[in-house]
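Structure below is run-v3.txt: compact mmCIF, C-alpha atoms and all ligand atoms.
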# COMPACT_ATOMS: atom_id res chain seq x y z
CA MET A 217 96.80 115.65 154.62
CA ILE A 218 97.73 112.51 152.74
CA ILE A 219 97.68 113.37 149.08
CA LYS A 220 99.08 110.46 147.10
CA THR A 221 100.37 107.09 147.99
CA THR A 222 102.00 104.30 146.08
CA SER A 223 102.66 100.80 147.19
CA VAL A 224 106.12 99.48 146.54
CA SER A 225 105.74 96.55 148.86
CA GLU A 226 103.49 94.79 146.40
CA CYS A 227 105.94 95.47 143.59
CA LYS A 228 108.72 93.36 144.87
CA GLU A 229 109.89 91.38 147.80
CA HIS A 230 112.13 93.74 149.72
CA THR A 231 115.40 92.47 150.94
CA ILE A 232 118.12 94.54 152.43
CA THR A 233 121.25 93.62 150.62
CA ASP A 234 124.66 93.31 152.09
CA GLU A 235 126.07 96.80 151.47
CA ASN A 236 129.31 95.68 149.78
CA VAL A 237 127.64 93.26 147.41
CA TYR A 238 125.03 95.85 146.59
CA HIS A 239 127.50 98.63 145.84
CA GLN A 240 129.65 96.36 143.70
CA ARG A 241 126.59 95.47 141.64
CA ARG A 242 125.53 99.07 141.34
CA GLU A 243 128.96 100.20 140.21
CA LEU A 244 128.94 97.40 137.65
CA ILE A 245 125.57 98.54 136.32
CA LYS A 246 126.83 102.11 136.08
CA LYS A 247 129.95 100.98 134.22
CA MET A 248 127.93 98.86 131.83
CA GLY A 249 125.77 101.88 131.13
CA PHE A 250 122.68 99.73 131.14
CA LEU A 251 119.25 101.05 131.89
CA GLY A 252 117.32 98.10 133.10
CA ALA A 253 120.42 96.03 133.60
CA ALA A 254 118.88 95.04 136.89
CA SER A 255 116.82 92.47 135.06
CA LEU A 256 120.03 90.63 134.20
CA LEU A 257 120.89 90.11 137.81
CA SER A 258 119.72 87.09 139.69
CA SER A 259 117.92 88.97 142.46
CA PRO A 260 116.04 92.01 141.20
CA ALA A 261 115.62 93.41 144.70
CA SER A 262 119.35 93.76 145.12
CA ALA A 263 120.12 96.14 142.31
CA GLY A 264 119.12 99.66 143.19
CA ILE A 265 115.70 101.28 143.03
CA LEU A 266 113.42 99.20 140.90
CA ASP A 267 109.99 100.12 139.65
CA ILE A 268 107.13 97.69 139.20
CA PHE A 269 108.56 96.57 135.85
CA GLY A 270 111.94 95.80 137.40
CA GLU A 271 113.55 98.83 135.74
CA GLU A 272 116.21 100.69 137.64
CA LYS A 273 115.09 104.22 138.45
CA THR A 274 116.42 107.42 139.95
CA PRO A 275 114.38 108.54 142.98
CA GLU A 276 112.90 111.42 140.97
CA ALA A 277 111.86 109.11 138.13
CA LEU A 278 110.25 106.84 140.71
CA PHE A 279 108.41 109.79 142.31
CA ALA A 280 107.20 110.99 138.92
CA GLN A 281 106.11 107.55 137.80
CA ASN A 282 104.04 107.23 140.94
CA ASN A 283 102.63 110.71 140.57
CA LEU A 284 104.36 112.00 143.71
CA SER A 285 105.03 115.24 142.01
CA TYR A 286 102.97 117.83 143.87
CA ALA A 287 102.23 119.60 140.56
CA ALA A 288 99.53 117.05 139.87
CA GLU A 289 97.82 117.92 143.13
CA LYS A 290 98.24 121.68 143.08
CA GLY A 291 95.08 123.31 144.32
CA GLY A 292 93.92 120.22 146.21
CA PHE A 293 94.95 121.68 149.56
CA ALA A 294 93.33 124.63 151.25
CA GLU A 295 96.58 126.35 152.27
CA GLU A 296 98.94 128.06 149.93
CA LEU A 297 102.17 126.13 149.54
CA THR A 298 105.35 127.94 150.46
CA PRO A 299 107.37 128.34 147.26
CA GLU A 300 110.09 125.76 146.77
CA ALA A 301 112.76 128.46 146.51
CA LYS A 302 111.83 129.72 149.99
CA ILE A 303 111.71 126.25 151.58
CA THR A 304 115.17 125.49 150.23
CA SER A 305 116.83 128.81 151.06
CA HIS A 306 115.57 129.59 154.59
CA ASN A 307 116.85 126.75 156.74
CA ASN A 308 117.85 125.71 160.20
CA PHE A 309 120.61 123.12 159.87
CA TYR A 310 123.33 124.17 162.29
CA GLU A 311 125.74 121.54 160.97
CA PHE A 312 126.02 123.92 157.99
CA GLY A 313 125.87 127.22 159.88
CA VAL A 314 123.50 129.10 162.16
CA GLU A 315 122.38 131.76 159.68
CA LYS A 316 119.28 130.91 157.65
CA GLN A 317 121.06 131.19 154.28
CA GLN A 318 124.19 129.27 155.29
CA PRO A 319 122.88 125.68 154.98
CA ALA A 320 121.96 126.16 151.30
CA ALA A 321 125.29 127.85 150.62
CA LEU A 322 127.53 125.45 152.55
CA SER A 323 125.91 122.04 151.96
CA GLN A 324 125.88 121.63 148.20
CA SER A 325 128.77 119.15 148.08
CA PHE A 326 127.32 117.06 150.93
CA LYS A 327 127.57 113.42 149.88
CA VAL A 328 124.47 111.34 150.60
CA ASP A 329 125.08 108.24 148.47
CA PRO A 330 126.21 105.84 149.89
CA TRP A 331 124.21 106.31 153.08
CA GLN A 332 123.44 104.04 156.00
CA LEU A 333 120.47 104.39 158.32
CA LYS A 334 120.79 101.91 161.18
CA ILE A 335 117.73 100.76 163.10
CA SER A 336 118.90 99.17 166.33
CA GLY A 337 118.33 98.68 170.04
CA GLU A 338 115.26 97.03 171.52
CA VAL A 339 114.02 95.42 168.31
CA GLU A 340 113.68 91.88 167.06
CA ASN A 341 114.63 92.90 163.55
CA PRO A 342 117.56 95.33 163.43
CA LEU A 343 117.97 96.81 159.96
CA THR A 344 120.39 98.87 157.94
CA LEU A 345 118.91 100.81 155.07
CA GLY A 346 121.25 101.85 152.27
CA TYR A 347 120.65 104.87 150.03
CA ASP A 348 118.38 103.10 147.54
CA ASP A 349 116.50 101.29 150.31
CA LEU A 350 115.31 104.70 151.54
CA TYR A 351 113.24 105.02 148.34
CA SER A 352 112.23 101.42 147.81
CA SER A 353 111.57 99.76 151.16
CA PHE A 354 108.31 101.50 152.07
CA ASP A 355 105.22 102.91 150.41
CA LEU A 356 106.04 106.49 149.48
CA GLU A 357 103.40 109.17 149.94
CA GLU A 358 103.10 112.84 149.19
CA ARG A 359 101.86 114.87 152.14
CA ILE A 360 101.37 118.57 152.62
CA TYR A 361 102.12 119.68 156.17
CA ARG A 362 102.56 122.92 158.03
CA LEU A 363 106.00 123.24 159.65
CA ARG A 364 106.04 125.57 162.69
CA CYS A 365 109.45 126.62 164.01
CA VAL A 366 109.85 127.54 167.68
CA GLU A 367 111.15 130.88 166.37
CA ALA A 368 107.51 131.63 165.36
CA TRP A 369 107.83 131.38 161.59
CA SER A 370 106.09 128.69 159.60
CA MET A 371 105.70 127.28 156.12
CA VAL A 372 103.62 124.77 154.18
CA VAL A 373 105.63 121.99 152.57
CA PRO A 374 104.73 119.23 150.09
CA TRP A 375 106.87 116.38 151.43
CA ILE A 376 107.47 112.92 149.98
CA GLY A 377 108.18 110.16 152.45
CA PHE A 378 106.91 107.13 154.27
CA SER A 379 105.13 106.59 157.53
CA LEU A 380 107.52 106.18 160.46
CA ALA A 381 105.00 103.66 161.83
CA GLU A 382 105.84 101.33 158.92
CA LEU A 383 109.50 101.42 159.83
CA VAL A 384 108.66 100.73 163.49
CA LYS A 385 106.54 97.74 162.47
CA LYS A 386 109.30 96.38 160.28
CA ALA A 387 111.81 96.65 163.14
CA LYS A 388 109.48 94.77 165.53
CA PRO A 389 110.11 96.55 168.83
CA THR A 390 110.46 94.42 171.95
CA SER A 391 108.27 95.13 174.98
CA ARG A 392 111.13 97.14 176.49
CA ALA A 393 111.13 99.70 173.65
CA LYS A 394 109.47 102.86 174.98
CA TYR A 395 111.23 105.60 172.99
CA LEU A 396 113.03 106.14 169.69
CA ALA A 397 116.39 107.95 169.79
CA PHE A 398 117.34 109.61 166.49
CA GLU A 399 120.81 110.73 165.47
CA THR A 400 122.12 112.92 162.63
CA LEU A 401 125.32 112.09 160.76
CA TYR A 402 128.50 113.13 162.55
CA ASP A 403 131.01 114.09 159.87
CA PRO A 404 133.02 117.23 160.70
CA VAL A 405 134.87 116.98 157.38
CA GLN A 406 131.64 117.50 155.49
CA MET A 407 129.73 119.53 158.07
CA PRO A 408 131.52 122.79 158.87
CA GLY A 409 129.24 123.55 161.83
CA GLN A 410 130.58 120.42 163.54
CA ARG A 411 134.14 121.77 163.21
CA SER A 412 133.50 125.30 164.39
CA ARG A 413 131.57 126.28 167.50
CA ARG A 414 130.88 129.68 165.95
CA LEU A 415 129.36 128.23 162.76
CA GLY A 416 127.67 125.37 164.60
CA GLY A 417 126.03 127.45 167.33
CA GLY A 418 127.84 125.81 170.25
CA ILE A 419 125.87 122.57 169.93
CA ASP A 420 127.48 119.30 170.98
CA TYR A 421 127.19 117.10 167.90
CA PRO A 422 125.78 114.79 166.67
CA TYR A 423 122.34 116.40 166.77
CA VAL A 424 119.99 114.03 168.57
CA GLU A 425 116.22 113.86 168.98
CA GLY A 426 113.62 111.52 170.42
CA LEU A 427 109.99 110.46 170.29
CA ARG A 428 107.86 108.30 172.54
CA ILE A 429 107.02 105.09 170.70
CA ASP A 430 103.30 105.89 170.51
CA GLU A 431 104.17 109.27 168.97
CA ALA A 432 106.34 107.47 166.42
CA MET A 433 103.42 105.17 165.61
CA ASN A 434 101.03 108.06 164.97
CA PRO A 435 100.18 108.06 161.25
CA LEU A 436 101.24 111.71 160.89
CA ALA A 437 104.89 111.03 161.77
CA LEU A 438 106.77 110.94 158.49
CA MET A 439 110.25 109.96 157.36
CA SER A 440 110.78 112.33 154.44
CA VAL A 441 113.00 111.64 151.44
CA GLY A 442 111.77 114.41 149.16
CA LEU A 443 109.89 117.64 148.64
CA TYR A 444 108.22 119.25 145.66
CA GLY A 445 108.56 115.99 143.71
CA LYS A 446 112.36 115.86 144.09
CA THR A 447 114.79 114.23 146.48
CA LEU A 448 115.50 116.35 149.56
CA PRO A 449 118.14 118.98 148.96
CA PRO A 450 121.04 118.77 151.43
CA GLN A 451 119.93 121.87 153.34
CA ASN A 452 116.53 120.29 154.07
CA GLY A 453 118.06 117.14 155.54
CA ALA A 454 119.04 114.84 152.68
CA PRO A 455 118.76 111.99 152.18
CA ILE A 456 116.25 111.30 154.97
CA ARG A 457 114.77 113.34 157.81
CA LEU A 458 111.98 113.12 160.31
CA VAL A 459 108.88 115.34 160.00
CA VAL A 460 106.61 115.62 163.06
CA PRO A 461 104.13 118.31 162.06
CA TRP A 462 102.42 118.80 165.43
CA LYS A 463 105.74 119.59 167.15
CA TYR A 464 108.11 122.53 166.83
CA GLY A 465 110.48 122.18 163.90
CA PHE A 466 113.53 121.30 165.98
CA LYS A 467 112.08 117.82 166.60
CA SER A 468 112.23 117.16 162.84
CA ILE A 469 115.83 115.95 162.83
CA LYS A 470 117.71 115.96 159.53
CA SER A 471 120.12 113.62 157.73
CA VAL A 472 119.34 110.73 160.06
CA VAL A 473 121.84 107.85 160.36
CA GLY A 474 120.52 106.14 163.47
CA ILE A 475 117.20 105.24 165.06
CA LYS A 476 117.65 103.32 168.28
CA PHE A 477 114.74 101.85 170.22
CA VAL A 478 115.37 102.45 173.92
CA GLU A 479 113.74 101.97 177.30
CA LYS A 480 114.49 105.41 178.80
CA LYS A 481 113.70 108.87 177.47
CA PRO A 482 116.69 109.78 175.27
CA PRO A 483 118.59 113.09 175.44
CA THR A 484 117.63 115.70 172.83
CA THR A 485 119.90 118.43 171.48
CA TRP A 486 117.92 121.57 172.33
CA ASN A 487 116.86 120.27 175.70
CA LEU A 488 120.51 119.60 176.55
CA LEU A 489 121.36 123.14 175.51
CA ALA A 490 118.57 124.94 177.41
CA ALA A 491 116.15 122.68 179.28
CA ASN A 492 113.99 125.57 180.51
CA GLU A 493 113.42 126.72 176.92
CA TYR A 494 113.05 123.47 175.00
CA GLY A 495 111.23 120.46 176.38
CA PHE A 496 111.30 116.86 175.23
CA TYR A 497 107.72 116.99 173.93
CA ALA A 498 107.87 120.35 172.14
CA ASN A 499 104.25 120.14 171.01
CA VAL A 500 103.16 123.35 169.31
CA ASN A 501 101.19 125.14 172.02
CA PRO A 502 100.02 128.76 171.76
CA ALA A 503 99.20 128.75 175.49
CA VAL A 504 102.76 128.05 176.62
CA ASP A 505 105.21 130.80 175.72
CA HIS A 506 108.89 130.35 175.17
CA PRO A 507 110.68 132.24 178.00
CA ARG A 508 111.90 134.84 175.50
CA TRP A 509 108.96 135.13 173.09
CA SER A 510 105.26 134.45 172.70
CA GLN A 511 104.05 131.33 170.90
CA ALA A 512 100.50 132.68 170.46
CA SER A 513 100.99 133.64 166.82
CA GLU A 514 103.34 133.08 163.91
CA ARG A 515 104.12 134.35 160.44
CA ARG A 516 104.44 132.41 157.24
CA ILE A 517 107.98 133.00 156.02
CA THR A 518 106.56 134.44 152.82
CA THR A 519 105.11 137.45 154.65
CA GLY A 520 106.94 140.38 156.23
CA GLY A 521 107.66 139.56 159.82
CA ILE A 522 107.37 142.29 162.34
CA PHE A 523 103.94 143.69 161.54
CA ALA A 524 101.04 142.42 163.60
CA GLN A 525 98.73 142.25 160.59
CA ASN A 526 100.99 139.63 159.00
CA ARG A 527 100.74 137.30 161.93
CA ILE A 528 98.28 134.43 162.14
CA PRO A 529 97.14 132.65 165.29
CA THR A 530 99.08 129.53 166.19
CA LEU A 531 96.88 126.47 166.67
CA PRO A 532 97.32 123.85 169.40
CA PHE A 533 99.35 120.94 168.02
CA ASN A 534 99.86 123.12 164.93
CA GLY A 535 96.31 122.35 163.85
CA TYR A 536 96.69 118.56 164.09
CA GLY A 537 94.96 118.17 167.47
CA GLU A 538 92.26 115.89 166.13
CA GLN A 539 94.89 113.35 165.10
CA VAL A 540 97.30 113.63 168.04
CA ALA A 541 95.74 115.19 171.17
CA ASP A 542 94.84 111.73 172.52
CA LEU A 543 98.53 110.91 172.85
CA TYR A 544 98.73 113.44 175.69
CA SER A 545 95.41 113.01 177.48
CA GLY A 546 95.81 113.51 181.21
CA MET A 547 99.22 115.17 180.82
CA ASN A 548 99.89 118.68 182.08
CA LEU A 549 101.22 120.26 178.89
CA ARG A 550 102.59 123.27 180.76
CA LYS A 551 104.85 120.95 182.72
CA TYR A 552 105.59 118.63 179.80
CA TYR A 553 106.34 121.36 177.24
N1 LIG B 601 118.35 118.76 162.30
C1 LIG B 601 119.68 118.87 162.45
N2 LIG B 601 120.44 117.78 162.33
N3 LIG B 601 120.28 120.06 162.71
C2 LIG B 601 119.54 121.21 162.88
O1 LIG B 601 120.12 122.29 163.13
N4 LIG B 601 117.30 122.21 162.92
C3 LIG B 601 115.91 121.93 163.29
C4 LIG B 601 115.30 120.85 162.39
N5 LIG B 601 116.20 119.75 162.22
C5 LIG B 601 118.13 121.12 162.74
C6 LIG B 601 117.56 119.86 162.42
C7 LIG B 601 115.08 123.13 163.27
S1 LIG B 601 115.32 124.24 164.53
C8 LIG B 601 114.10 123.32 162.34
S2 LIG B 601 113.00 124.62 162.46
C9 LIG B 601 113.95 122.45 161.18
O2 LIG B 601 114.97 121.43 161.12
C10 LIG B 601 114.04 123.27 159.91
O3 LIG B 601 113.82 122.49 158.78
P1 LIG B 601 113.94 123.18 157.34
O4 LIG B 601 115.28 123.83 157.25
O5 LIG B 601 113.75 122.08 156.35
O6 LIG B 601 112.83 124.19 157.29
Take the structure in the file and write it out as structure tokens.
Ligand code: MTE
Amino acid sequence: MIIKTTSVSECKEHTITDENVYHQRRELIKKMGFLGAASLLSSPASAGILDIFGEEKTPEALFAQNNLSYAAEKGGFAEELTPEAKITSHNNFYEFGVEKQQPAALSQSFKVDPWQLKISGEVENPLTLGYDDLYSSFDLEERIYRLRCVEAWSMVVPWIGFSLAELVKKAKPTSRAKYLAFETLYDPVQMPGQRSRRLGGGIDYPYVEGLRIDEAMNPLALMSVGLYGKTLPPQNGAPIRLVVPWKYGFKSIKSVVGIKFVEKKPPTTWNLLAANEYGFYANVNPAVDHPRWSQASERRITTGGIFAQNRIPTLPFNGYGEQVADLYSGMNLRKYY
């Protein structure tokens, strides 16, 4: 699944800059209109996204430079990619409305820079990542994954991101850290679904999710910052979202602002809403039906839905069993759905 990787850690010593200092510097650079002005500053790591030559880059330029541009790898993956236009126009992001087309329509002015992702809780090394840190702190990779929604549609997405395991290692969990609790931004001014129960589907916001720490350490778990060689569009969870390809899509929480390492299993949004329908684990499992519909098969969102001939069998763990089944050995997956 891993298509391309690039190491930024060897390019520069990463330091996480005090947010105020960093933004002042960045504004200054913008005002000066300098490309490469970063090299004039005393600490190159503190001035935005720098490439291996110390040049300041936009995320897209950085992706392209490192060949994380899907186009280069087209044809290298057995499954047909879902077209970009479909991935970015058929969304579940209730903060911007419950209808599939609403997130793309209602999120275009969503402001993602500046951003703060706080890593806290049971860790020796709490961190706050600013907007540029999301693109420069970890080795970015391009990965093509299937995404299977609990509503029985699926797609194939070329993501760009970094391994969640790398973030966990950087945070240095204490021995008490057993789970990761994720949280989406709470900003009712920007997110209409958080202001209106009708638009927001009656969810209590912020949207929250969780993983067991060994799940978070599995190499497949990805923090995504882009797709199709570009930064994530708002409707897909800009600027950073989780992608857990062996679990139903609702685990892949969008626009993340907090990851807290905790001792006890954290609450999760869909489980709070309907515990008998949505479990904490939510591993894709064709043998365990949702109370209101079968999970035995699915349709790619590019094919017409209701006809049986368009449906394809759903695979245990969404086809990633070889990489993840061991995480659940000995567990009754009907009980822990
Ligand atoms: N994250 C937040 N914050 N809010 C949401 O409503 N929906 C989830 C998940 N992450 C959701 C979310 C669901 S149900 C799915 S299927 C996927 O996002 C959809 O991701 P996509 O729109 O990029 O396909």
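Take the candidates A:Asp420, A:Glu296, A:Glu493, A:Asp329 and check each one against Tyr552 of chain A using all atoms listed in the file; the shortest distance goes to A:Glu493.
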Please identify the residues whose atoms come within 7 Å of ligand LIG 601 (chain B), using all atoms listed in the file, and report them as a PDB file with C-alpha atoms, in the frame of the given file.
ATOM      1  CA  ILE A 303     111.710 126.250 151.580  1.00  0.00           C
ATOM      2  CA  HIS A 306     115.570 129.590 154.590  1.00  0.00           C
ATOM      3  CA  ASN A 307     116.850 126.750 156.740  1.00  0.00           C
ATOM      4  CA  ASN A 308     117.850 125.710 160.200  1.00  0.00           C
ATOM      5  CA  PHE A 309     120.610 123.120 159.870  1.00  0.00           C
ATOM      6  CA  TYR A 310     123.330 124.170 162.290  1.00  0.00           C
ATOM      7  CA  GLU A 311     125.740 121.540 160.970  1.00  0.00           C
ATOM      8  CA  CYS A 365     109.450 126.620 164.010  1.00  0.00           C
ATOM      9  CA  VAL A 366     109.850 127.540 167.680  1.00  0.00           C
ATOM     10  CA  THR A 400     122.120 112.920 162.630  1.00  0.00           C
ATOM     11  CA  TYR A 423     122.340 116.400 166.770  1.00  0.00           C
ATOM     12  CA  GLN A 451     119.930 121.870 153.340  1.00  0.00           C
ATOM     13  CA  ASN A 452     116.530 120.290 154.070  1.00  0.00           C
ATOM     14  CA  GLY A 453     118.060 117.140 155.540  1.00  0.00           C
ATOM     15  CA  TYR A 464     108.110 122.530 166.830  1.00  0.00           C
ATOM     16  CA  GLY A 465     110.480 122.180 163.900  1.00  0.00           C
ATOM     17  CA  PHE A 466     113.530 121.300 165.980  1.00  0.00           C
ATOM     18  CA  LYS A 467     112.080 117.820 166.600  1.00  0.00           C
ATOM     19  CA  SER A 468     112.230 117.160 162.840  1.00  0.00           C
ATOM     20  CA  ILE A 469     115.830 115.950 162.830  1.00  0.00           C
ATOM     21  CA  LYS A 470     117.710 115.960 159.530  1.00  0.00           C
ATOM     22  CA  SER A 471     120.120 113.620 157.730  1.00  0.00           C
TER      23      SER A 471
END
Which of these residues is nearest to Val424 of chain A, using all atoms listed in the file: A:Leu333, A:Ala491, A:Ile376, A:Leu401? A:Leu401
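The shortest atom-to-atom distance to Ile265 of chain A, with all atoms listed in the file taken into account, belongs to A:Asp349 out of A:Asp349, A:Thr344, A:Leu427, A:Gln332.
By only C-alpha atoms, and with residues fewer than 3 positions from Ala381 of chain A along its chain excluded, the set lying at most 9 Å from it is Phe378, Val384, Lys385, Lys386, Ala432, Met433, Asn434, Pro435, Leu436, Ala437 and Leu438 of chain A.
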For the atom pair atom CA of Lys316 of chain A and atom CA of Ala368 of chain A, what is the interatomic distance in Å to one decimal place? 14.1 Å
I'd like the contact shell of Met371 of chain A - 7 Å cut-off, all atoms listed in the file, skipping same-chain residues fewer than 6 positions apart - returned as a ChimeraX atom specification. /A:298,362-364,516-517
Could the residues in this selection be written to a file with C-alpha atoms, as a PDB file, keeping the file's coordinate frame?
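Listed below is the output, result-v7.pdb:
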ATOM      1  CA  THR A 298     105.350 127.940 150.460  1.00  0.00           C
ATOM      2  CA  ARG A 362     102.560 122.920 158.030  1.00  0.00           C
ATOM      3  CA  LEU A 363     106.000 123.240 159.650  1.00  0.00           C
ATOM      4  CA  ARG A 364     106.040 125.570 162.690  1.00  0.00           C
ATOM      5  CA  ARG A 516     104.440 132.410 157.240  1.00  0.00           C
ATOM      6  CA  ILE A 517     107.980 133.000 156.020  1.00  0.00           C
TER       7      ILE A 517
END
